[in-house]
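Reproduced below: protein.pdb, with PDB, C-alpha atoms.
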```pdb
ATOM      1  CA  MET Z   1       0.000   0.000   0.000
ATOM      2  CA  ASN Z   2       1.179   3.513  -0.777
ATOM      3  CA  SER Z   3       0.981   5.177   2.635
ATOM      4  CA  ALA Z   4       0.430   8.575   0.963
ATOM      5  CA  LYS Z   5      -2.821   7.423  -0.622
ATOM      6  CA  LYS Z   6      -6.056   7.524   1.329
ATOM      7  CA  ALA Z   7      -7.143   4.017   2.282
ATOM      8  CA  ASP Z   8     -10.333   2.501   0.920
ATOM      9  CA  ILE Z   9     -10.581   0.248   3.995
ATOM     10  CA  ASN Z  10      -9.342   0.694   7.551
ATOM     11  CA  PHE Z  11      -9.141  -2.795   9.050
ATOM     12  CA  TYR Z  12      -8.886  -2.931  12.862
ATOM     13  CA  PHE Z  13      -7.519  -6.300  13.878
ATOM     14  CA  ASP Z  14      -6.161  -8.197  16.878
ATOM     15  CA  PRO Z  15      -3.724 -10.742  15.411
ATOM     16  CA  ILE Z  16      -4.661 -13.521  17.856
ATOM     17  CA  CYS Z  17      -8.384 -13.597  16.938
ATOM     18  CA  PRO Z  18      -9.059 -16.587  14.628
ATOM     19  CA  PHE Z  19     -12.255 -15.194  13.117
ATOM     20  CA  ALA Z  20     -10.519 -11.865  12.448
ATOM     21  CA  TRP Z  21      -7.718 -13.814  10.743
ATOM     22  CA  ILE Z  22     -10.183 -15.476   8.356
ATOM     23  CA  THR Z  23     -11.889 -12.144   7.689
ATOM     24  CA  SER Z  24      -8.487 -10.564   6.999
ATOM     25  CA  LYS Z  25      -7.742 -13.225   4.375
ATOM     26  CA  TRP Z  26     -11.103 -12.470   2.749
ATOM     27  CA  ILE Z  27     -10.278  -8.745   2.803
ATOM     28  CA  ARG Z  28      -6.996  -9.490   1.011
ATOM     29  CA  ILE Z  29      -8.916 -11.258  -1.761
ATOM     30  CA  ILE Z  30     -11.243  -8.256  -2.076
ATOM     31  CA  GLN Z  31      -8.274  -5.887  -1.999
ATOM     32  CA  ALA Z  32      -6.783  -7.635  -5.024
ATOM     33  CA  GLN Z  33     -10.079  -7.931  -6.907
ATOM     34  CA  ARG Z  34     -11.200  -4.317  -6.403
ATOM     35  CA  ASP Z  35      -7.745  -2.679  -6.287
ATOM     36  CA  TYR Z  36      -8.486  -1.311  -2.811
ATOM     37  CA  THR Z  37      -5.897   0.114  -0.482
ATOM     38  CA  VAL Z  38      -6.076  -1.222   3.077
ATOM     39  CA  ASP Z  39      -4.714   0.431   6.203
ATOM     40  CA  TRP Z  40      -4.149  -2.375   8.724
ATOM     41  CA  ARG Z  41      -4.851  -0.910  12.148
ATOM     42  CA  PHE Z  42      -4.830  -1.951  15.803
ATOM     43  CA  ILE Z  43      -7.481  -3.133  18.236
ATOM     44  CA  SER Z  44      -6.540  -5.038  21.387
ATOM     45  CA  LEU Z  45      -8.893  -7.562  22.951
ATOM     46  CA  ARG Z  46      -6.799  -7.421  26.115
ATOM     47  CA  LEU Z  47      -7.245  -3.654  26.444
ATOM     48  CA  ILE Z  48     -10.931  -3.505  25.559
ATOM     49  CA  ASN Z  49     -11.557  -6.273  28.110
ATOM     50  CA  ALA Z  50      -9.376  -4.664  30.781
ATOM     51  CA  HIS Z  51     -12.412  -4.155  33.039
ATOM     52  CA  ILE Z  52     -13.355  -7.875  32.960
ATOM     53  CA  ASP Z  53     -12.269 -10.510  35.484
ATOM     54  CA  TYR Z  54     -10.841 -13.167  33.183
ATOM     55  CA  ASP Z  55     -10.994 -15.903  35.838
ATOM     56  CA  THR Z  56     -14.777 -15.647  36.172
ATOM     57  CA  HIS Z  57     -15.790 -14.579  32.676
ATOM     58  CA  PHE Z  58     -13.548 -16.549  30.318
ATOM     59  CA  PRO Z  59     -12.363 -20.153  29.981
ATOM     60  CA  ALA Z  60      -8.800 -20.945  30.952
ATOM     61  CA  GLY Z  61      -6.201 -19.630  28.537
ATOM     62  CA  TYR Z  62      -7.994 -16.506  27.326
ATOM     63  CA  HIS Z  63      -5.897 -14.173  29.471
ATOM     64  CA  ASP Z  64      -2.664 -15.531  27.983
ATOM     65  CA  GLN Z  65      -4.115 -15.450  24.472
ATOM     66  CA  HIS Z  66      -5.329 -11.857  24.701
ATOM     67  CA  THR Z  67      -2.094 -10.739  26.366
ATOM     68  CA  SER Z  68      -0.149 -12.320  23.490
ATOM     69  CA  GLY Z  69      -2.224 -10.258  21.086
ATOM     70  CA  LEU Z  70      -1.316  -7.071  22.925
ATOM     71  CA  ARG Z  71       2.377  -8.006  22.858
ATOM     72  CA  LEU Z  72       2.214  -8.590  19.099
ATOM     73  CA  LEU Z  73       0.509  -5.234  18.618
ATOM     74  CA  ARG Z  74       3.369  -3.530  20.471
ATOM     75  CA  VAL Z  75       5.751  -4.975  17.895
ATOM     76  CA  ALA Z  76       3.421  -3.846  15.097
ATOM     77  CA  SER Z  77       3.322  -0.369  16.630
ATOM     78  CA  ALA Z  78       7.127  -0.203  16.605
ATOM     79  CA  ALA Z  79       7.235  -1.448  13.010
ATOM     80  CA  ARG Z  80       4.710   1.152  11.888
ATOM     81  CA  GLU Z  81       6.534   3.980  13.646
ATOM     82  CA  LYS Z  82       9.994   3.071  12.367
ATOM     83  CA  HIS Z  83       9.283   1.536   8.952
ATOM     84  CA  GLY Z  84       5.902   2.818   7.757
ATOM     85  CA  ARG Z  85       2.246   1.830   7.696
ATOM     86  CA  GLU Z  86       2.748  -0.389   4.643
ATOM     87  CA  THR Z  87       4.700  -2.876   6.796
ATOM     88  CA  ILE Z  88       1.680  -3.906   8.893
ATOM     89  CA  GLY Z  89      -0.163  -5.960   6.267
ATOM     90  CA  PRO Z  90       2.802  -8.273   5.636
ATOM     91  CA  LEU Z  91       3.565  -8.460   9.359
ATOM     92  CA  TYR Z  92      -0.017  -9.445  10.230
ATOM     93  CA  ALA Z  93       0.157 -12.119   7.513
ATOM     94  CA  ALA Z  94       3.409 -13.472   8.966
ATOM     95  CA  PHE Z  95       1.938 -13.559  12.483
ATOM     96  CA  GLY Z  96      -1.145 -15.405  11.233
ATOM     97  CA  ALA Z  97       0.840 -17.997   9.322
ATOM     98  CA  ARG Z  98       2.596 -18.979  12.550
ATOM     99  CA  ILE Z  99      -0.355 -18.721  14.937
ATOM    100  CA  MET Z 100      -3.391 -19.802  12.905
ATOM    101  CA  GLU Z 101      -1.949 -22.050  10.219
ATOM    102  CA  ALA Z 102       0.761 -24.005  12.061
ATOM    103  CA  GLY Z 103      -1.254 -26.842  13.601
ATOM    104  CA  PRO Z 104      -3.512 -27.340  16.630
ATOM    105  CA  ASP Z 105      -3.149 -25.086  19.677
ATOM    106  CA  GLU Z 106      -3.646 -27.917  22.154
ATOM    107  CA  GLY Z 107      -0.645 -28.773  24.310
ATOM    108  CA  ARG Z 108       1.261 -25.567  23.647
ATOM    109  CA  ALA Z 109       2.668 -23.553  26.536
ATOM    110  CA  PRO Z 110       0.792 -20.415  27.681
ATOM    111  CA  GLY Z 111       1.990 -17.361  25.816
ATOM    112  CA  TRP Z 112       3.379 -19.342  22.869
ATOM    113  CA  ARG Z 113       1.743 -16.949  20.397
ATOM    114  CA  SER Z 114       4.126 -14.130  21.311
ATOM    115  CA  THR Z 115       7.427 -15.812  22.089
ATOM    116  CA  PRO Z 116      10.503 -13.897  20.898
ATOM    117  CA  ASP Z 117      11.457 -16.700  18.498
ATOM    118  CA  LEU Z 118       8.037 -16.739  16.814
ATOM    119  CA  VAL Z 119       7.998 -12.963  16.533
ATOM    120  CA  ALA Z 120      11.553 -12.793  15.190
ATOM    121  CA  ASP Z 121      10.664 -15.338  12.484
ATOM    122  CA  ALA Z 122       7.587 -13.317  11.528
ATOM    123  CA  LEU Z 123       9.581 -10.082  11.375
ATOM    124  CA  ALA Z 124      12.170 -11.698   9.119
ATOM    125  CA  GLU Z 125       9.459 -12.983   6.762
ATOM    126  CA  ALA Z 126       7.979  -9.478   6.617
ATOM    127  CA  ASN Z 127      11.446  -8.056   5.764
ATOM    128  CA  LEU Z 128      11.625  -6.156   9.039
ATOM    129  CA  PRO Z 129      14.522  -6.008  11.509
ATOM    130  CA  THR Z 130      14.328  -8.780  14.084
ATOM    131  CA  SER Z 131      15.477  -6.240  16.677
ATOM    132  CA  LEU Z 132      11.832  -5.055  16.786
ATOM    133  CA  VAL Z 133      11.181  -8.076  19.013
ATOM    134  CA  GLU Z 134      12.340  -5.828  21.844
ATOM    135  CA  ALA Z 135       8.969  -4.041  21.664
ATOM    136  CA  LEU Z 136       7.081  -7.098  22.984
ATOM    137  CA  ASP Z 137       7.278  -5.762  26.543
ATOM    138  CA  ASP Z 138       7.275  -2.044  25.726
ATOM    139  CA  THR Z 139       4.190  -0.991  27.675
ATOM    140  CA  THR Z 140       4.622   2.641  26.616
ATOM    141  CA  ARG Z 141       3.099   1.573  23.290
ATOM    142  CA  ASP Z 142      -0.157   0.591  25.010
ATOM    143  CA  VAL Z 143      -1.293   4.237  24.987
ATOM    144  CA  GLU Z 144      -1.281   4.288  21.173
ATOM    145  CA  ILE Z 145      -2.900   0.843  20.962
ATOM    146  CA  GLN Z 146      -5.596   1.861  23.442
ATOM    147  CA  ALA Z 147      -6.301   5.043  21.466
ATOM    148  CA  GLU Z 148      -6.646   3.113  18.217
ATOM    149  CA  SER Z 149      -8.879   0.522  19.920
ATOM    150  CA  ASP Z 150     -11.078   3.345  21.225
ATOM    151  CA  GLU Z 151     -11.134   4.859  17.738
ATOM    152  CA  ALA Z 152     -12.389   1.579  16.310
ATOM    153  CA  LEU Z 153     -15.108   1.232  18.948
ATOM    154  CA  SER Z 154     -16.216   4.825  18.401
ATOM    155  CA  LEU Z 155     -17.183   3.785  14.866
ATOM    156  CA  THR Z 156     -19.398   0.864  15.900
ATOM    157  CA  GLY Z 157     -20.250   1.134  19.593
ATOM    158  CA  ARG Z 158     -18.503  -0.795  22.343
ATOM    159  CA  ASP Z 159     -20.424  -4.096  22.357
ATOM    160  CA  VAL Z 160     -18.291  -5.610  19.599
ATOM    161  CA  GLY Z 161     -14.900  -7.247  19.136
ATOM    162  CA  THR Z 162     -12.433  -7.719  16.308
ATOM    163  CA  PRO Z 163     -12.274  -7.197  13.393
ATOM    164  CA  ILE Z 164     -13.835  -3.825  12.629
ATOM    165  CA  VAL Z 165     -14.021  -2.759   8.988
ATOM    166  CA  HIS Z 166     -14.315   0.924   8.088
ATOM    167  CA  PHE Z 167     -15.104   1.221   4.383
ATOM    168  CA  GLU Z 168     -14.337   4.487   2.582
ATOM    169  CA  PRO Z 169     -13.166   6.363   5.691
ATOM    170  CA  PRO Z 170     -13.665   8.796   7.237
ATOM    171  CA  GLU Z 171     -17.281   9.285   6.153
ATOM    172  CA  GLY Z 172     -18.037   5.712   5.044
ATOM    173  CA  VAL Z 173     -19.764   2.891   6.873
ATOM    174  CA  ALA Z 174     -18.062   0.903   9.653
ATOM    175  CA  PHE Z 175     -19.100  -2.452  11.088
ATOM    176  CA  PHE Z 176     -17.930  -5.321  13.269
ATOM    177  CA  GLY Z 177     -17.130  -8.444  11.288
ATOM    178  CA  PRO Z 178     -18.323 -10.108   9.268
ATOM    179  CA  VAL Z 179     -17.546 -13.093  11.479
ATOM    180  CA  ILE Z 180     -16.925 -16.006   9.099
ATOM    181  CA  SER Z 181     -15.666 -19.501   9.866
ATOM    182  CA  ARG Z 182     -14.615 -20.436   6.325
ATOM    183  CA  LEU Z 183     -12.657 -18.556   3.683
ATOM    184  CA  PRO Z 184     -14.780 -17.985   0.564
ATOM    185  CA  ASP Z 185     -13.361 -18.720  -2.863
ATOM    186  CA  ASP Z 186     -12.647 -15.846  -5.238
ATOM    187  CA  GLU Z 187     -16.158 -15.719  -6.684
ATOM    188  CA  GLN Z 188     -17.876 -16.063  -3.320
ATOM    189  CA  ALA Z 189     -15.589 -13.410  -1.839
ATOM    190  CA  GLY Z 190     -16.874 -10.687  -4.172
ATOM    191  CA  VAL Z 191     -20.510 -11.681  -3.738
ATOM    192  CA  LEU Z 192     -20.149 -11.689   0.051
ATOM    193  CA  TRP Z 193     -18.477  -8.271  -0.014
ATOM    194  CA  ASP Z 194     -21.246  -6.741  -2.100
ATOM    195  CA  HIS Z 195     -23.935  -8.158   0.198
ATOM    196  CA  VAL Z 196     -22.185  -6.995   3.365
ATOM    197  CA  ILE Z 197     -21.549  -3.481   2.074
ATOM    198  CA  GLY Z 198     -25.071  -3.224   0.656
ATOM    199  CA  LEU Z 199     -26.604  -4.167   4.002
ATOM    200  CA  ALA Z 200     -24.252  -2.014   6.057
ATOM    201  CA  ARG Z 201     -24.949   1.044   3.904
ATOM    202  CA  PHE Z 202     -28.686   0.956   4.610
ATOM    203  CA  PRO Z 203     -29.119   3.902   7.017
ATOM    204  CA  GLY Z 204     -31.414   2.058   9.431
ATOM    205  CA  PHE Z 205     -29.387  -1.133   9.659
ATOM    206  CA  ALA Z 206     -27.948  -1.972  13.099
ATOM    207  CA  GLU Z 207     -27.325  -5.698  13.566
ATOM    208  CA  LEU Z 208     -27.696  -9.164  12.081
ATOM    209  CA  LYS Z 209     -26.264 -11.748  14.441
ATOM    210  CA  ARG Z 210     -26.255 -15.251  15.859
ATOM    211  CA  SER Z 211     -23.932 -16.658  18.495
ATOM    212  CA  LEU Z 212     -23.834 -20.191  17.027
ATOM    213  CA  ARG Z 213     -20.628 -20.509  15.019
ATOM    214  CA  GLU Z 214     -18.652 -23.253  13.374
ATOM    215  CA  ARG Z 215     -15.182 -23.726  14.753
ATOM    216  CA  PRO Z 216     -12.901 -21.754  12.405
ATOM    217  CA  GLN Z 217     -11.632 -23.715   9.436
ATOM    218  CA  LEU Z 218      -8.036 -23.375  10.625
ATOM    219  CA  PRO Z 219      -5.204 -25.745  11.553
ATOM    220  CA  SER Z 220      -4.999 -24.036  14.959
ATOM    221  CA  PHE Z 221      -8.460 -25.449  15.694
ATOM    222  CA  GLY Z 222      -7.687 -28.816  14.136
ATOM    223  CA  VAL Z 223     -10.154 -28.188  11.295
ATOM    224  CA  THR Z 224      -8.952 -28.757   7.728
ATOM    225  CA  ALA Z 225     -10.130 -26.914   4.628
ATOM    226  CA  GLN Z 226     -12.132 -30.023   3.706
ATOM    227  CA  GLU Z 227     -13.982 -30.181   7.037
ATOM    228  CA  THR Z 228     -16.822 -28.282   8.673
ATOM    229  CA  GLY Z 229     -16.029 -27.251  12.221
ATOM    230  CA  LYS Z 230     -18.219 -28.239  15.136
ATOM    231  CA  THR Z 231     -21.000 -25.737  15.841
ATOM    232  CA  GLU Z 232     -20.586 -24.026  19.216
ATOM    233  CA  ASP Z 233     -22.268 -21.171  21.072
ATOM    234  CA  TRP Z 234     -19.796 -18.301  21.239
ATOM    235  CA  HIS Z 235     -21.465 -16.384  24.058
ATOM    236  CA  ALA Z 236     -20.934 -12.616  23.725
ATOM    237  CA  GLY Z 237     -18.564 -13.121  20.807
ATOM    238  CA  SER Z 238     -16.250 -15.622  22.479
ATOM    239  CA  ARG Z 239     -16.386 -18.972  24.186
ATOM    240  CA  ARG Z 240     -17.033 -17.062  27.397
ATOM    241  CA  LEU Z 241     -18.379 -18.880  30.413
ATOM    242  CA  LYS Z 242     -22.104 -18.323  30.827
ATOM    243  CA  LYS Z 243     -23.602 -17.159  34.098
TER     244      LYS Z 243
END
```
Kindly present the structure from the file in structure tokens form.
Amino acid sequence: MNSAKKADINFYFDPICPFAWITSKWIRIIQAQRDYTVDWRFISLRLINAHIDYDTHFPAGYHDQHTSGLRLLRVASAAREKHGRETIGPLYAAFGARIMEAGPDEGRAPGWRSTPDLVADALAEANLPTSLVEALDDTTRDVEIQAESDEALSLTGRDVGTPIVHFEPPEGVAFFGPVISRLPDDEQAGVLWDHVIGLARFPGFAELKRSLRERPQLPSFGVTAQETGKTEDWHAGSRRLKK
């Protein structure tokens, strides 16, 4: 992306969210088909859930997962500051290849999604200096990440998650999702985009939602591209424990 050109899509994304990862791959297909420019931006599940007691509201492991996402965003923040906005798309892709596409999550140590070795490998693939791994624990970057997360939520309201798509910013429509469990093929991708944008542009439209979701069609969930994931109830947008 030419950073001097106004983006057609601002895509707010936490790199540890599997549904956001699938949506981001769909957005890349649309980007190529429609010759859109995309500005890959930040939203942190850990920061927007800072007021929540993870032990009582989430299953085990969510705290480590969301914290890993924040750590990765710190690295992305450093990359954007030092090497330009155009570096974030390739860096997000490199993160996703290692987190979402590298086999089942089960049995891995807490925090594995943001280990220095994983991040250094992703930086190298994205043609960025591996020294940026030092930003993993740079909490001073959380102010910028929080501000960008708040910016995303100001476009949609706060009862949402990641991703958030802002089409034709700053005046254009913004929405959470779409949350998809499978990657559409090239033809389906364009049809889905046109339907989503058409619906979102209707002035009175607010929400179309169900909490039943297939497990994402990703190696990290043990679901192959030839399989349909088990249908589960993702309460409040995640596999949160119900009260």
Go ahead and compute the interatomic distance for CA of Arg80 in chain Z and CA of Glu101 in chain Z, in Å to one decimal.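 Interatomic distance here is 24.2 Å.
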For the PyMOL selection byres ((chain Z and resi 224) around 12), applied here, can you spell out every residue it catches as a PyMOL selection string? chain Z and resi 100-104+181-183+215-223+225-230
Pull C-alpha atoms from the residues just selected and write them as a short mmCIF file (atom, residue, chain, number, x, y, z; two decimals), in the coordinates of the input.
```
data_model
loop_
_atom_site.label_atom_id
_atom_site.label_comp_id
_atom_site.auth_asym_id
_atom_site.auth_seq_id
_atom_site.Cartn_x
_atom_site.Cartn_y
_atom_site.Cartn_z
CA MET Z 100 -3.39 -19.80 12.90
CA GLU Z 101 -1.95 -22.05 10.22
CA ALA Z 102 0.76 -24.00 12.06
CA GLY Z 103 -1.25 -26.84 13.60
CA PRO Z 104 -3.51 -27.34 16.63
CA SER Z 181 -15.67 -19.50 9.87
CA ARG Z 182 -14.62 -20.44 6.32
CA LEU Z 183 -12.66 -18.56 3.68
CA ARG Z 215 -15.18 -23.73 14.75
CA PRO Z 216 -12.90 -21.75 12.40
CA GLN Z 217 -11.63 -23.72 9.44
CA LEU Z 218 -8.04 -23.38 10.62
CA PRO Z 219 -5.20 -25.74 11.55
CA SER Z 220 -5.00 -24.04 14.96
CA PHE Z 221 -8.46 -25.45 15.69
CA GLY Z 222 -7.69 -28.82 14.14
CA VAL Z 223 -10.15 -28.19 11.30
CA ALA Z 225 -10.13 -26.91 4.63
CA GLN Z 226 -12.13 -30.02 3.71
CA GLU Z 227 -13.98 -30.18 7.04
CA THR Z 228 -16.82 -28.28 8.67
CA GLY Z 229 -16.03 -27.25 12.22
CA LYS Z 230 -18.22 -28.24 15.14
#
```
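As for CA of Ala174 in chain Z and CA of Ala78 in chain Z, they are spaced 26.2 Å apart.
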Atomic distance CA of Ala109 in chain Z - CA of Leu72 in chain Z, expressed in Å with one decimal: 16.7 Å
Show me a table, sorted first by chain and then by increasing residue number, of the residues of range 36-113 of chain Z having an atom at most 7 Å from range 125-131 of chain Z, each with its shortest atom pair and the distance in Å to one decimal, counting only C-alpha atoms and written as a Markdown table.
```
| residue | atom | partner | partner_atom | distance |
| --- | --- | --- | --- | --- |
| Z:Pro90 | CA | Z:Ala126 | CA | 5.4 |
| Z:Leu91 | CA | Z:Ala126 | CA | 5.3 |
| Z:Ala94 | CA | Z:Glu125 | CA | 6.5 |
```
Residues within 6 Å of (-21.8, -17.6, 17.9), file coordinates, counting all atoms listed in the file: what are they? Give the list as a PyMOL selection string. chain Z and resi 210-213+233-234
Could you tell me, as a PyMOL selection string, exactly which residues end up selected when the PyMOL selection byres ((chain Z and resi 178) around 12) is applied to this structure? chain Z and resi 11+19-24+26-27+160-166+174-177+179-183+189+192-193+195-197+199-200+207-210+237
Which residues of range 128-175 of chain Z come within 9 Å of range 36-50 of chain Z, and what is each one's closest atom pair and distance in Å (one decimal), counting all atoms listed in the file, sorted by chain and residue number, as CSV?
```
residue,atom,partner,partner_atom,distance
Z:Asp142,CA,Z:Leu47,CA,8.4
Z:Glu144,CA,Z:Phe42,CA,9.0
Z:Ile145,CA,Z:Phe42,CA,6.2
Z:Gln146,CA,Z:Leu47,CA,6.5
Z:Ala147,CA,Z:Ile43,CA,8.9
Z:Glu148,CA,Z:Phe42,CA,5.9
Z:Ser149,CA,Z:Ile43,CA,4.3
Z:Asp150,CA,Z:Ile43,CA,8.0
Z:Glu151,CA,Z:Ile43,CA,8.8
Z:Ala152,CA,Z:Ile43,CA,7.1
Z:Leu153,CA,Z:Ile43,CA,8.8
Z:Arg158,CA,Z:Ile48,CA,8.7
Z:Gly161,CA,Z:Leu45,CA,7.1
Z:Thr162,CA,Z:Ile43,CA,7.0
Z:Pro163,CA,Z:Ile43,CA,7.9
Z:Ile164,CA,Z:Ile43,CA,8.5
```
Would you compute, for all listed atoms of range 40-46 of chain Z, the axis-aligned bounding box grown by 6 Å on each side, and then report its centre and edge lengths in Å rounded to one decimal, as JSON?
```
{"center_x": -6.5, "center_y": -4.2, "center_z": 17.4, "size_x": 16.7, "size_y": 18.7, "size_z": 29.4}
```
